Each structure stands twice: as structure tokens, then as C-alpha cells.
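run.cif (mmCIF, N, CA, C and O atoms) appears below.
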```
data_query
#
loop_
_atom_site.label_atom_id
_atom_site.label_comp_id
_atom_site.auth_asym_id
_atom_site.auth_seq_id
_atom_site.Cartn_x
_atom_site.Cartn_y
_atom_site.Cartn_z
N MET Y 114 52.06 62.88 -7.88
CA MET Y 114 50.80 62.59 -7.23
C MET Y 114 51.02 62.64 -5.73
O MET Y 114 52.02 62.17 -5.21
N LYS Y 115 50.04 63.16 -5.04
CA LYS Y 115 50.12 63.27 -3.59
C LYS Y 115 49.88 61.91 -2.93
O LYS Y 115 49.37 60.99 -3.55
N LEU Y 116 50.24 61.85 -1.67
CA LEU Y 116 50.09 60.61 -0.92
C LEU Y 116 48.63 60.17 -0.84
O LEU Y 116 48.33 58.98 -0.92
N THR Y 117 47.71 61.12 -0.70
CA THR Y 117 46.29 60.75 -0.62
C THR Y 117 45.79 60.15 -1.93
O THR Y 117 44.94 59.27 -1.93
N GLY Y 118 46.32 60.63 -3.06
CA GLY Y 118 45.95 60.04 -4.35
C GLY Y 118 46.44 58.62 -4.48
O GLY Y 118 45.73 57.73 -4.96
N ILE Y 119 47.66 58.38 -4.03
CA ILE Y 119 48.21 57.02 -4.06
C ILE Y 119 47.42 56.12 -3.12
O ILE Y 119 47.09 54.98 -3.46
N LEU Y 120 47.08 56.65 -1.95
CA LEU Y 120 46.28 55.89 -0.99
C LEU Y 120 44.92 55.52 -1.56
O LEU Y 120 44.41 54.42 -1.33
N ALA Y 121 44.33 56.41 -2.34
CA ALA Y 121 43.03 56.13 -2.96
C ALA Y 121 43.14 54.95 -3.93
O ALA Y 121 42.28 54.06 -3.94
N TYR Y 122 44.21 54.94 -4.73
CA TYR Y 122 44.38 53.84 -5.69
C TYR Y 122 44.75 52.52 -5.00
O TYR Y 122 44.50 51.46 -5.55
N VAL Y 123 45.33 52.61 -3.83
CA VAL Y 123 45.63 51.39 -3.06
C VAL Y 123 44.36 50.88 -2.37
O VAL Y 123 44.14 49.67 -2.26
N PHE Y 124 43.49 51.79 -1.93
CA PHE Y 124 42.25 51.43 -1.26
C PHE Y 124 41.20 50.87 -2.23
O PHE Y 124 40.38 50.04 -1.85
N TRP Y 125 41.24 51.30 -3.48
CA TRP Y 125 40.20 50.95 -4.44
C TRP Y 125 40.06 49.45 -4.71
O TRP Y 125 38.93 48.92 -4.61
N PRO Y 126 41.11 48.69 -5.05
CA PRO Y 126 40.90 47.27 -5.37
C PRO Y 126 40.32 46.43 -4.22
O PRO Y 126 39.36 45.68 -4.44
N PRO Y 127 40.83 46.55 -2.99
CA PRO Y 127 40.21 45.75 -1.92
C PRO Y 127 38.77 46.17 -1.63
O PRO Y 127 37.93 45.34 -1.29
N ALA Y 128 38.48 47.45 -1.81
CA ALA Y 128 37.11 47.92 -1.57
C ALA Y 128 36.15 47.33 -2.60
O ALA Y 128 35.04 46.91 -2.26
N VAL Y 129 36.58 47.28 -3.86
CA VAL Y 129 35.73 46.70 -4.91
C VAL Y 129 35.55 45.20 -4.70
O VAL Y 129 34.45 44.67 -4.87
N LEU Y 130 36.61 44.52 -4.31
CA LEU Y 130 36.51 43.09 -4.02
C LEU Y 130 35.56 42.82 -2.84
O LEU Y 130 34.76 41.89 -2.87
N PHE Y 131 35.66 43.66 -1.82
CA PHE Y 131 34.75 43.53 -0.67
C PHE Y 131 33.31 43.73 -1.11
O PHE Y 131 32.42 42.97 -0.72
N LEU Y 132 33.07 44.75 -1.92
CA LEU Y 132 31.71 45.04 -2.37
C LEU Y 132 31.14 43.90 -3.21
O LEU Y 132 30.00 43.51 -3.05
N GLY Y 133 31.96 43.35 -4.10
CA GLY Y 133 31.50 42.23 -4.92
C GLY Y 133 31.22 40.99 -4.08
O GLY Y 133 30.23 40.29 -4.30
N ARG Y 134 32.11 40.71 -3.14
CA ARG Y 134 31.91 39.54 -2.27
C ARG Y 134 30.67 39.72 -1.39
O ARG Y 134 29.91 38.78 -1.18
N TYR Y 135 30.48 40.93 -0.90
CA TYR Y 135 29.30 41.19 -0.07
C TYR Y 135 28.02 41.02 -0.88
O TYR Y 135 27.03 40.50 -0.37
N ASP Y 136 28.07 41.42 -2.15
CA ASP Y 136 26.90 41.28 -3.01
C ASP Y 136 26.51 39.81 -3.19
O ASP Y 136 25.32 39.49 -3.24
N LEU Y 137 27.49 38.94 -3.28
CA LEU Y 137 27.19 37.51 -3.45
C LEU Y 137 26.66 36.86 -2.18
O LEU Y 137 25.97 35.86 -2.24
N ARG Y 138 26.99 37.41 -1.04
CA ARG Y 138 26.66 36.77 0.24
C ARG Y 138 25.37 37.26 0.88
O ARG Y 138 24.94 36.72 1.87
N THR Y 139 24.77 38.32 0.35
CA THR Y 139 23.59 38.87 1.02
C THR Y 139 22.55 39.33 0.01
O THR Y 139 22.84 39.52 -1.16
N ASP Y 140 21.34 39.53 0.51
CA ASP Y 140 20.27 40.12 -0.28
C ASP Y 140 19.84 41.46 0.30
O ASP Y 140 18.83 42.02 -0.09
N ASP Y 141 20.61 41.99 1.26
CA ASP Y 141 20.27 43.23 1.93
C ASP Y 141 20.76 44.42 1.10
O ASP Y 141 21.91 44.83 1.17
N THR Y 142 19.86 44.96 0.31
CA THR Y 142 20.22 46.03 -0.61
C THR Y 142 20.57 47.32 0.11
O THR Y 142 21.47 48.04 -0.32
N GLY Y 143 19.90 47.62 1.19
CA GLY Y 143 20.17 48.85 1.93
C GLY Y 143 21.59 48.93 2.45
O GLY Y 143 22.25 49.96 2.34
N VAL Y 144 22.08 47.84 3.00
CA VAL Y 144 23.45 47.81 3.51
C VAL Y 144 24.44 47.89 2.35
O VAL Y 144 25.48 48.56 2.44
N GLU Y 145 24.12 47.25 1.27
CA GLU Y 145 24.99 47.29 0.09
C GLU Y 145 25.09 48.70 -0.49
O GLU Y 145 26.17 49.15 -0.87
N VAL Y 146 23.98 49.42 -0.52
CA VAL Y 146 23.98 50.80 -0.97
C VAL Y 146 24.81 51.66 0.00
O VAL Y 146 25.57 52.53 -0.43
N PHE Y 147 24.67 51.40 1.29
CA PHE Y 147 25.47 52.13 2.27
C PHE Y 147 26.96 51.91 2.03
O PHE Y 147 27.75 52.86 2.05
N PHE Y 148 27.37 50.67 1.81
CA PHE Y 148 28.78 50.39 1.55
C PHE Y 148 29.26 51.06 0.27
O PHE Y 148 30.37 51.57 0.21
N LEU Y 149 28.43 51.06 -0.76
CA LEU Y 149 28.78 51.72 -2.01
C LEU Y 149 28.98 53.21 -1.78
O LEU Y 149 29.98 53.79 -2.23
N LEU Y 150 28.06 53.84 -1.06
CA LEU Y 150 28.19 55.26 -0.77
C LEU Y 150 29.40 55.54 0.11
O LEU Y 150 30.13 56.52 -0.10
N LEU Y 151 29.65 54.70 1.09
CA LEU Y 151 30.78 54.88 1.99
C LEU Y 151 32.11 54.76 1.24
O LEU Y 151 33.01 55.59 1.40
N ILE Y 152 32.23 53.74 0.42
CA ILE Y 152 33.48 53.53 -0.33
C ILE Y 152 33.73 54.70 -1.29
O ILE Y 152 34.84 55.24 -1.34
N THR Y 153 32.72 55.11 -2.03
CA THR Y 153 32.93 56.22 -2.96
C THR Y 153 33.13 57.54 -2.23
O THR Y 153 33.87 58.40 -2.70
N PHE Y 154 32.50 57.70 -1.08
CA PHE Y 154 32.72 58.90 -0.26
C PHE Y 154 34.17 58.98 0.19
O PHE Y 154 34.83 60.02 0.09
N ILE Y 155 34.70 57.88 0.70
CA ILE Y 155 36.10 57.85 1.15
C ILE Y 155 37.04 58.12 -0.01
O ILE Y 155 37.99 58.91 0.11
N LEU Y 156 36.79 57.49 -1.15
CA LEU Y 156 37.64 57.72 -2.32
C LEU Y 156 37.54 59.16 -2.81
O LEU Y 156 38.54 59.75 -3.22
N GLY Y 157 36.35 59.73 -2.76
CA GLY Y 157 36.18 61.14 -3.14
C GLY Y 157 36.90 62.07 -2.19
O GLY Y 157 37.44 63.10 -2.61
N CYS Y 158 36.94 61.73 -0.91
CA CYS Y 158 37.71 62.53 0.06
C CYS Y 158 39.21 62.42 -0.19
O CYS Y 158 39.94 63.39 -0.07
N LEU Y 159 39.65 61.22 -0.51
CA LEU Y 159 41.08 61.01 -0.70
C LEU Y 159 41.61 61.64 -1.99
O LEU Y 159 42.72 62.16 -2.03
N HIS Y 160 40.81 61.60 -3.05
CA HIS Y 160 41.28 62.11 -4.35
C HIS Y 160 40.13 62.87 -5.02
O HIS Y 160 39.49 62.38 -5.95
N PRO Y 161 39.85 64.10 -4.56
CA PRO Y 161 38.66 64.83 -5.04
C PRO Y 161 38.75 65.29 -6.50
O PRO Y 161 37.72 65.51 -7.12
N ARG Y 162 39.94 65.44 -7.05
CA ARG Y 162 40.05 65.89 -8.44
C ARG Y 162 39.47 64.88 -9.43
O ARG Y 162 39.11 65.21 -10.54
N ARG Y 163 39.45 63.63 -9.06
CA ARG Y 163 38.94 62.58 -9.94
C ARG Y 163 37.70 61.92 -9.33
O ARG Y 163 37.55 60.71 -9.39
N ALA Y 164 36.81 62.72 -8.78
CA ALA Y 164 35.63 62.17 -8.12
C ALA Y 164 34.76 61.36 -9.07
O ALA Y 164 34.19 60.35 -8.69
N TRP Y 165 34.67 61.79 -10.31
CA TRP Y 165 33.82 61.08 -11.28
C TRP Y 165 34.32 59.66 -11.53
O TRP Y 165 33.54 58.75 -11.75
N GLN Y 166 35.66 59.48 -11.50
CA GLN Y 166 36.19 58.16 -11.84
C GLN Y 166 35.89 57.12 -10.78
O GLN Y 166 35.84 55.94 -11.08
N TRP Y 167 35.69 57.52 -9.54
CA TRP Y 167 35.43 56.53 -8.49
C TRP Y 167 34.07 55.87 -8.70
O TRP Y 167 33.91 54.69 -8.44
N ALA Y 168 33.10 56.62 -9.19
CA ALA Y 168 31.80 56.02 -9.50
C ALA Y 168 31.92 55.04 -10.65
O ALA Y 168 31.31 53.96 -10.64
N VAL Y 169 32.76 55.36 -11.63
CA VAL Y 169 32.95 54.49 -12.79
C VAL Y 169 33.76 53.25 -12.42
O VAL Y 169 33.54 52.17 -12.98
N LEU Y 170 34.68 53.37 -11.48
CA LEU Y 170 35.51 52.24 -11.10
C LEU Y 170 34.88 51.35 -10.03
O LEU Y 170 35.16 50.15 -9.99
N VAL Y 171 34.07 51.91 -9.17
CA VAL Y 171 33.48 51.13 -8.07
C VAL Y 171 32.09 50.60 -8.45
O VAL Y 171 31.77 49.45 -8.15
N GLY Y 172 31.28 51.40 -9.09
CA GLY Y 172 29.91 51.02 -9.39
C GLY Y 172 29.73 49.72 -10.15
O GLY Y 172 28.89 48.89 -9.78
N PRO Y 173 30.50 49.46 -11.20
CA PRO Y 173 30.30 48.23 -11.97
C PRO Y 173 30.61 46.93 -11.21
O PRO Y 173 30.31 45.85 -11.70
N ALA Y 174 31.19 47.02 -10.04
CA ALA Y 174 31.50 45.80 -9.28
C ALA Y 174 30.24 45.01 -8.96
O ALA Y 174 30.25 43.77 -9.02
N ILE Y 175 29.16 45.68 -8.66
CA ILE Y 175 27.93 44.98 -8.27
C ILE Y 175 27.28 44.28 -9.46
O ILE Y 175 27.03 43.07 -9.40
N PRO Y 176 27.00 44.96 -10.60
CA PRO Y 176 26.39 44.23 -11.71
C PRO Y 176 27.31 43.18 -12.33
O PRO Y 176 26.84 42.12 -12.76
N LEU Y 177 28.61 43.45 -12.38
CA LEU Y 177 29.52 42.45 -12.92
C LEU Y 177 29.57 41.21 -12.05
O LEU Y 177 29.63 40.08 -12.56
N THR Y 178 29.54 41.39 -10.75
CA THR Y 178 29.50 40.25 -9.84
C THR Y 178 28.23 39.45 -10.05
O THR Y 178 28.26 38.21 -10.07
N GLU Y 179 27.12 40.15 -10.21
CA GLU Y 179 25.85 39.46 -10.45
C GLU Y 179 25.87 38.66 -11.76
O GLU Y 179 25.40 37.54 -11.81
N LEU Y 180 26.43 39.26 -12.81
CA LEU Y 180 26.45 38.58 -14.10
C LEU Y 180 27.44 37.41 -14.13
O LEU Y 180 27.15 36.36 -14.68
N LEU Y 181 28.62 37.62 -13.56
CA LEU Y 181 29.66 36.60 -13.65
C LEU Y 181 29.50 35.47 -12.64
O LEU Y 181 29.72 34.30 -12.96
N PHE Y 182 29.14 35.80 -11.41
CA PHE Y 182 29.13 34.80 -10.35
C PHE Y 182 27.78 34.65 -9.66
O PHE Y 182 27.61 33.75 -8.85
N GLY Y 183 26.85 35.53 -9.94
CA GLY Y 183 25.62 35.59 -9.17
C GLY Y 183 24.50 34.73 -9.71
O GLY Y 183 24.66 33.90 -10.59
N ARG Y 184 23.36 35.02 -9.18
CA ARG Y 184 22.16 34.26 -9.50
C ARG Y 184 21.48 34.78 -10.76
O ARG Y 184 20.70 34.10 -11.37
N SER Y 185 21.78 36.00 -11.15
CA SER Y 185 21.08 36.63 -12.26
C SER Y 185 21.89 36.51 -13.56
O SER Y 185 23.08 36.72 -13.57
N GLN Y 186 21.21 36.20 -14.63
CA GLN Y 186 21.82 36.19 -15.95
C GLN Y 186 21.09 37.17 -16.86
O GLN Y 186 21.18 37.09 -18.08
N ASN Y 187 20.35 38.10 -16.29
CA ASN Y 187 19.56 39.07 -17.02
C ASN Y 187 20.43 40.27 -17.39
O ASN Y 187 20.72 41.10 -16.54
N PHE Y 188 20.83 40.38 -18.63
CA PHE Y 188 21.72 41.44 -19.07
C PHE Y 188 21.05 42.82 -19.00
O PHE Y 188 21.67 43.79 -18.60
N ALA Y 189 19.79 42.91 -19.38
CA ALA Y 189 19.08 44.19 -19.35
C ALA Y 189 18.94 44.69 -17.92
O ALA Y 189 19.12 45.88 -17.64
N GLY Y 190 18.65 43.78 -17.01
CA GLY Y 190 18.56 44.16 -15.59
C GLY Y 190 19.90 44.60 -15.05
O GLY Y 190 19.98 45.53 -14.24
N ALA Y 191 20.97 43.97 -15.50
CA ALA Y 191 22.31 44.36 -15.05
C ALA Y 191 22.68 45.75 -15.57
O ALA Y 191 23.35 46.52 -14.88
N MET Y 192 22.25 46.10 -16.76
CA MET Y 192 22.53 47.43 -17.30
C MET Y 192 21.76 48.51 -16.54
O MET Y 192 22.28 49.60 -16.28
N LEU Y 193 20.53 48.20 -16.15
CA LEU Y 193 19.76 49.13 -15.33
C LEU Y 193 20.42 49.28 -13.96
O LEU Y 193 20.55 50.39 -13.44
N LEU Y 194 20.86 48.17 -13.40
CA LEU Y 194 21.57 48.21 -12.12
C LEU Y 194 22.86 49.01 -12.24
O LEU Y 194 23.21 49.77 -11.33
N LEU Y 195 23.56 48.88 -13.35
CA LEU Y 195 24.78 49.64 -13.58
C LEU Y 195 24.51 51.14 -13.57
O LEU Y 195 25.27 51.91 -12.98
N ALA Y 196 23.43 51.55 -14.20
CA ALA Y 196 23.07 52.98 -14.21
C ALA Y 196 22.77 53.48 -12.80
O ALA Y 196 23.21 54.57 -12.41
N VAL Y 197 22.05 52.68 -12.03
CA VAL Y 197 21.67 53.09 -10.67
C VAL Y 197 22.90 53.18 -9.76
O VAL Y 197 23.09 54.17 -9.05
N VAL Y 198 23.76 52.15 -9.79
CA VAL Y 198 24.92 52.17 -8.90
C VAL Y 198 25.94 53.23 -9.34
O VAL Y 198 26.63 53.79 -8.49
N THR Y 199 26.02 53.55 -10.62
CA THR Y 199 26.90 54.62 -11.06
C THR Y 199 26.39 55.96 -10.55
O THR Y 199 27.17 56.80 -10.10
N ALA Y 200 25.08 56.18 -10.61
CA ALA Y 200 24.51 57.41 -10.08
C ALA Y 200 24.73 57.52 -8.57
O ALA Y 200 25.09 58.59 -8.06
N LEU Y 201 24.55 56.43 -7.85
CA LEU Y 201 24.81 56.44 -6.41
C LEU Y 201 26.29 56.68 -6.12
O LEU Y 201 26.64 57.40 -5.18
N GLY Y 202 27.15 56.07 -6.91
CA GLY Y 202 28.58 56.28 -6.75
C GLY Y 202 28.98 57.73 -7.01
O GLY Y 202 29.83 58.28 -6.32
N LEU Y 203 28.37 58.35 -8.01
CA LEU Y 203 28.64 59.76 -8.27
C LEU Y 203 28.22 60.63 -7.09
O LEU Y 203 28.94 61.55 -6.69
N ALA Y 204 27.06 60.32 -6.52
CA ALA Y 204 26.60 61.07 -5.35
C ALA Y 204 27.58 60.92 -4.20
O ALA Y 204 27.96 61.91 -3.55
N GLY Y 205 28.01 59.72 -3.92
CA GLY Y 205 28.94 59.49 -2.82
C GLY Y 205 30.28 60.14 -3.03
O GLY Y 205 30.82 60.79 -2.13
N SER Y 206 30.84 60.00 -4.22
CA SER Y 206 32.18 60.56 -4.46
C SER Y 206 32.17 62.08 -4.49
O SER Y 206 33.09 62.71 -3.99
N TYR Y 207 31.12 62.67 -5.02
CA TYR Y 207 31.06 64.13 -5.03
C TYR Y 207 30.74 64.69 -3.65
O TYR Y 207 31.15 65.81 -3.33
N MET Y 208 30.04 63.94 -2.81
CA MET Y 208 29.87 64.38 -1.41
C MET Y 208 31.22 64.36 -0.70
O MET Y 208 31.54 65.28 0.05
N GLY Y 209 32.01 63.33 -0.94
CA GLY Y 209 33.34 63.26 -0.34
C GLY Y 209 34.24 64.36 -0.85
O GLY Y 209 34.99 64.98 -0.08
N ALA Y 210 34.22 64.62 -2.16
CA ALA Y 210 35.03 65.69 -2.73
C ALA Y 210 34.61 67.05 -2.19
O ALA Y 210 35.43 67.91 -1.89
N GLY Y 211 33.31 67.23 -2.05
CA GLY Y 211 32.80 68.50 -1.50
C GLY Y 211 33.22 68.70 -0.05
O GLY Y 211 33.59 69.81 0.34
N LEU Y 212 33.18 67.65 0.73
CA LEU Y 212 33.61 67.76 2.12
C LEU Y 212 35.10 68.07 2.20
O LEU Y 212 35.53 68.91 2.99
N ARG Y 213 35.89 67.41 1.37
CA ARG Y 213 37.34 67.67 1.36
C ARG Y 213 37.64 69.11 0.97
O ARG Y 213 38.48 69.76 1.58
N ARG Y 214 36.95 69.61 -0.02
CA ARG Y 214 37.19 71.01 -0.44
C ARG Y 214 36.69 71.99 0.61
O ARG Y 214 37.28 73.06 0.78
N ALA Y 215 35.60 71.67 1.29
CA ALA Y 215 35.08 72.56 2.33
C ALA Y 215 36.02 72.62 3.53
O ALA Y 215 36.13 73.65 4.19
N MET Y 216 36.71 71.51 3.81
CA MET Y 216 37.61 71.47 4.96
C MET Y 216 38.97 72.09 4.66
O MET Y 216 39.68 72.45 5.59
N SER Y 217 39.33 72.23 3.37
CA SER Y 217 40.65 72.79 3.07
C SER Y 217 40.58 74.27 2.75
O SER Y 217 39.65 74.94 2.81
#
```
Rendering of file as C-alpha cells:
Amino acid sequence: MKLTGILAYVFWPPAVLFLGRYDLRTDDTGVEVFFLLLITFILGCLHPRRAWQWAVLVGPAIPLTELLFGRSQNFAGAMLLLAVVTALGLAGSYMGAGLRRAMS
């Protein structure tokens, strides 16, 4: 594995923890979506061959945080949120992968 792939796996856990903590501390959805897109974009740039996995690994941080530690106990709402954040994560990671491939 290349250094950028290793760096992506090192960057992933603190980024997910940051996203979950930020979700508990704020109600600003726009900034949270920006952070989700930014994190998945960076991960997609670092490891473009596995762009799909970054959406699957980063996206569930928000609904899981809401269910486990948050104010919401609505399981159906969390599943809808999971679908939305996974789609946003896919968009961010594939934009990052596309930029990386365009630059190389």
C-alpha cells in the first residue's frame, strides 16, 4: 500500500470522531454537511481506488452519534439520515478521487 493509502486510514478515525462530536455540539446542518463533504473529499483524494468505502465508513458517524448519544431515538429517521449522509459522502469522495485522477 502506498503512503497516501496509509495516511487515509490514519486520518479516518480522528475525522469520524470529530464529525460525531461536532454533531452533538451543534444544530448547524450546513456546516456539518460541509465537514462531511470535506472529510470524504480529502479521503477520496488520498485513496481514490476505494472512494466508495469512505462514504460507508464516514457517513454512519452522524446517525450513530444521534442514536447512541444524541437527542433523537427515532430509528426510522436515523435510517433516512444514513441514506442521505451516505449519498453526500459518495459525492464528496468521488469528487476527491476525480480530482486526484485529473491531476495525475
Item to complete: Skip stretch 152-155 of chain Y itself and residues of its chain fewer than 2 positions away, then list as a VMD selection string all residues within 7 Å of it, counting only C-alpha atoms.
Response: chain Y and resid 128 148 to 150 157 to 159 167 to 168 202 205 to 206 208 to 209
Discussion item. When you count all atoms listed in the file, which of these residues is closest to Y:Leu203: Y:Ala174, Y:Val169, Y:Met216, Y:Ile119?
Written reply: Y:Val169
Worksheet item: Which of these residues is nearest to Y:Arg134, using all atoms listed in the file: Y:Ile175, Y:Ala196, Y:Ala204, Y:Gln186?
Response: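 Among the listed residues, the smallest separation from Y:Arg134 belongs to Y:Ile175.
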Worksheet item: So which residues get picked by the PyMOL selection byres (((chain Y and resi 161 and name CA) around 9) and name CA) here, written as a PyMOL selection string?
Response: chain Y and resi 118+156-160+162-165+206-207+209-211+213-214
Practice prompt. Determine the residue membership of the PyMOL selection byres ((chain Y and resi 173) around 8) for the file above and supply it as a list in words.
Written response: Val129, Gly133, Trp167, Ala168, Val169, Leu170, Val171, Gly172, Ala174, Ile175, Pro176, Leu177, Thr178, Glu179, Leu180, Ala191, Leu194, Leu195, Ala196, Val198 and Thr199 of chain Y
Because the input lacks atoms here, generate all heavy atoms for stretch 188-198 of chain Y and report them as a short mmCIF file (atom, residue, chain, number, x, y, z; two decimals), keeping the file's coordinate frame.
```
data_model
loop_
_atom_site.label_atom_id
_atom_site.label_comp_id
_atom_site.auth_asym_id
_atom_site.auth_seq_id
_atom_site.Cartn_x
_atom_site.Cartn_y
_atom_site.Cartn_z
N PHE Y 188 20.83 40.38 -18.63
CA PHE Y 188 21.72 41.44 -19.07
C PHE Y 188 21.05 42.82 -19.00
O PHE Y 188 21.67 43.79 -18.60
CB PHE Y 188 22.21 41.16 -20.49
CG PHE Y 188 23.24 42.13 -20.95
CD1 PHE Y 188 24.54 42.07 -20.47
CD2 PHE Y 188 22.92 43.12 -21.87
CE1 PHE Y 188 25.50 42.98 -20.89
CE2 PHE Y 188 23.87 44.02 -22.30
CZ PHE Y 188 25.16 43.95 -21.81
N ALA Y 189 19.79 42.91 -19.38
CA ALA Y 189 19.08 44.19 -19.35
C ALA Y 189 18.94 44.69 -17.92
O ALA Y 189 19.12 45.88 -17.64
CB ALA Y 189 17.71 44.05 -20.00
N GLY Y 190 18.65 43.78 -17.01
CA GLY Y 190 18.56 44.16 -15.59
C GLY Y 190 19.90 44.60 -15.05
O GLY Y 190 19.98 45.53 -14.24
N ALA Y 191 20.97 43.97 -15.50
CA ALA Y 191 22.31 44.36 -15.05
C ALA Y 191 22.68 45.75 -15.57
O ALA Y 191 23.35 46.52 -14.88
CB ALA Y 191 23.34 43.33 -15.51
N MET Y 192 22.25 46.10 -16.76
CA MET Y 192 22.53 47.43 -17.30
C MET Y 192 21.76 48.51 -16.54
O MET Y 192 22.28 49.60 -16.28
CB MET Y 192 22.19 47.51 -18.79
CG MET Y 192 23.11 46.68 -19.67
SD MET Y 192 24.84 47.18 -19.55
CE MET Y 192 25.52 45.89 -18.53
N LEU Y 193 20.53 48.20 -16.15
CA LEU Y 193 19.76 49.13 -15.33
C LEU Y 193 20.42 49.28 -13.96
O LEU Y 193 20.55 50.39 -13.44
CB LEU Y 193 18.32 48.64 -15.18
CG LEU Y 193 17.40 49.51 -14.32
CD1 LEU Y 193 17.27 50.90 -14.92
CD2 LEU Y 193 16.04 48.86 -14.18
N LEU Y 194 20.86 48.17 -13.40
CA LEU Y 194 21.57 48.21 -12.12
C LEU Y 194 22.86 49.01 -12.24
O LEU Y 194 23.21 49.77 -11.33
CB LEU Y 194 21.86 46.80 -11.63
CG LEU Y 194 22.59 46.65 -10.31
CD1 LEU Y 194 21.79 47.28 -9.18
CD2 LEU Y 194 22.87 45.19 -10.03
N LEU Y 195 23.56 48.88 -13.35
CA LEU Y 195 24.78 49.64 -13.58
C LEU Y 195 24.51 51.14 -13.57
O LEU Y 195 25.27 51.91 -12.98
CB LEU Y 195 25.43 49.23 -14.90
CG LEU Y 195 26.69 49.98 -15.31
CD1 LEU Y 195 27.80 49.74 -14.30
CD2 LEU Y 195 27.12 49.57 -16.70
N ALA Y 196 23.43 51.55 -14.20
CA ALA Y 196 23.07 52.98 -14.21
C ALA Y 196 22.77 53.48 -12.80
O ALA Y 196 23.21 54.57 -12.41
CB ALA Y 196 21.88 53.21 -15.14
N VAL Y 197 22.05 52.68 -12.03
CA VAL Y 197 21.67 53.09 -10.67
C VAL Y 197 22.90 53.18 -9.76
O VAL Y 197 23.09 54.17 -9.05
CB VAL Y 197 20.61 52.13 -10.08
CG1 VAL Y 197 20.40 52.38 -8.60
CG2 VAL Y 197 19.31 52.25 -10.85
N VAL Y 198 23.76 52.15 -9.79
CA VAL Y 198 24.92 52.17 -8.90
C VAL Y 198 25.94 53.23 -9.34
O VAL Y 198 26.63 53.79 -8.49
CB VAL Y 198 25.58 50.78 -8.75
CG1 VAL Y 198 24.65 49.81 -8.10
CG2 VAL Y 198 26.11 50.27 -10.06
#
```
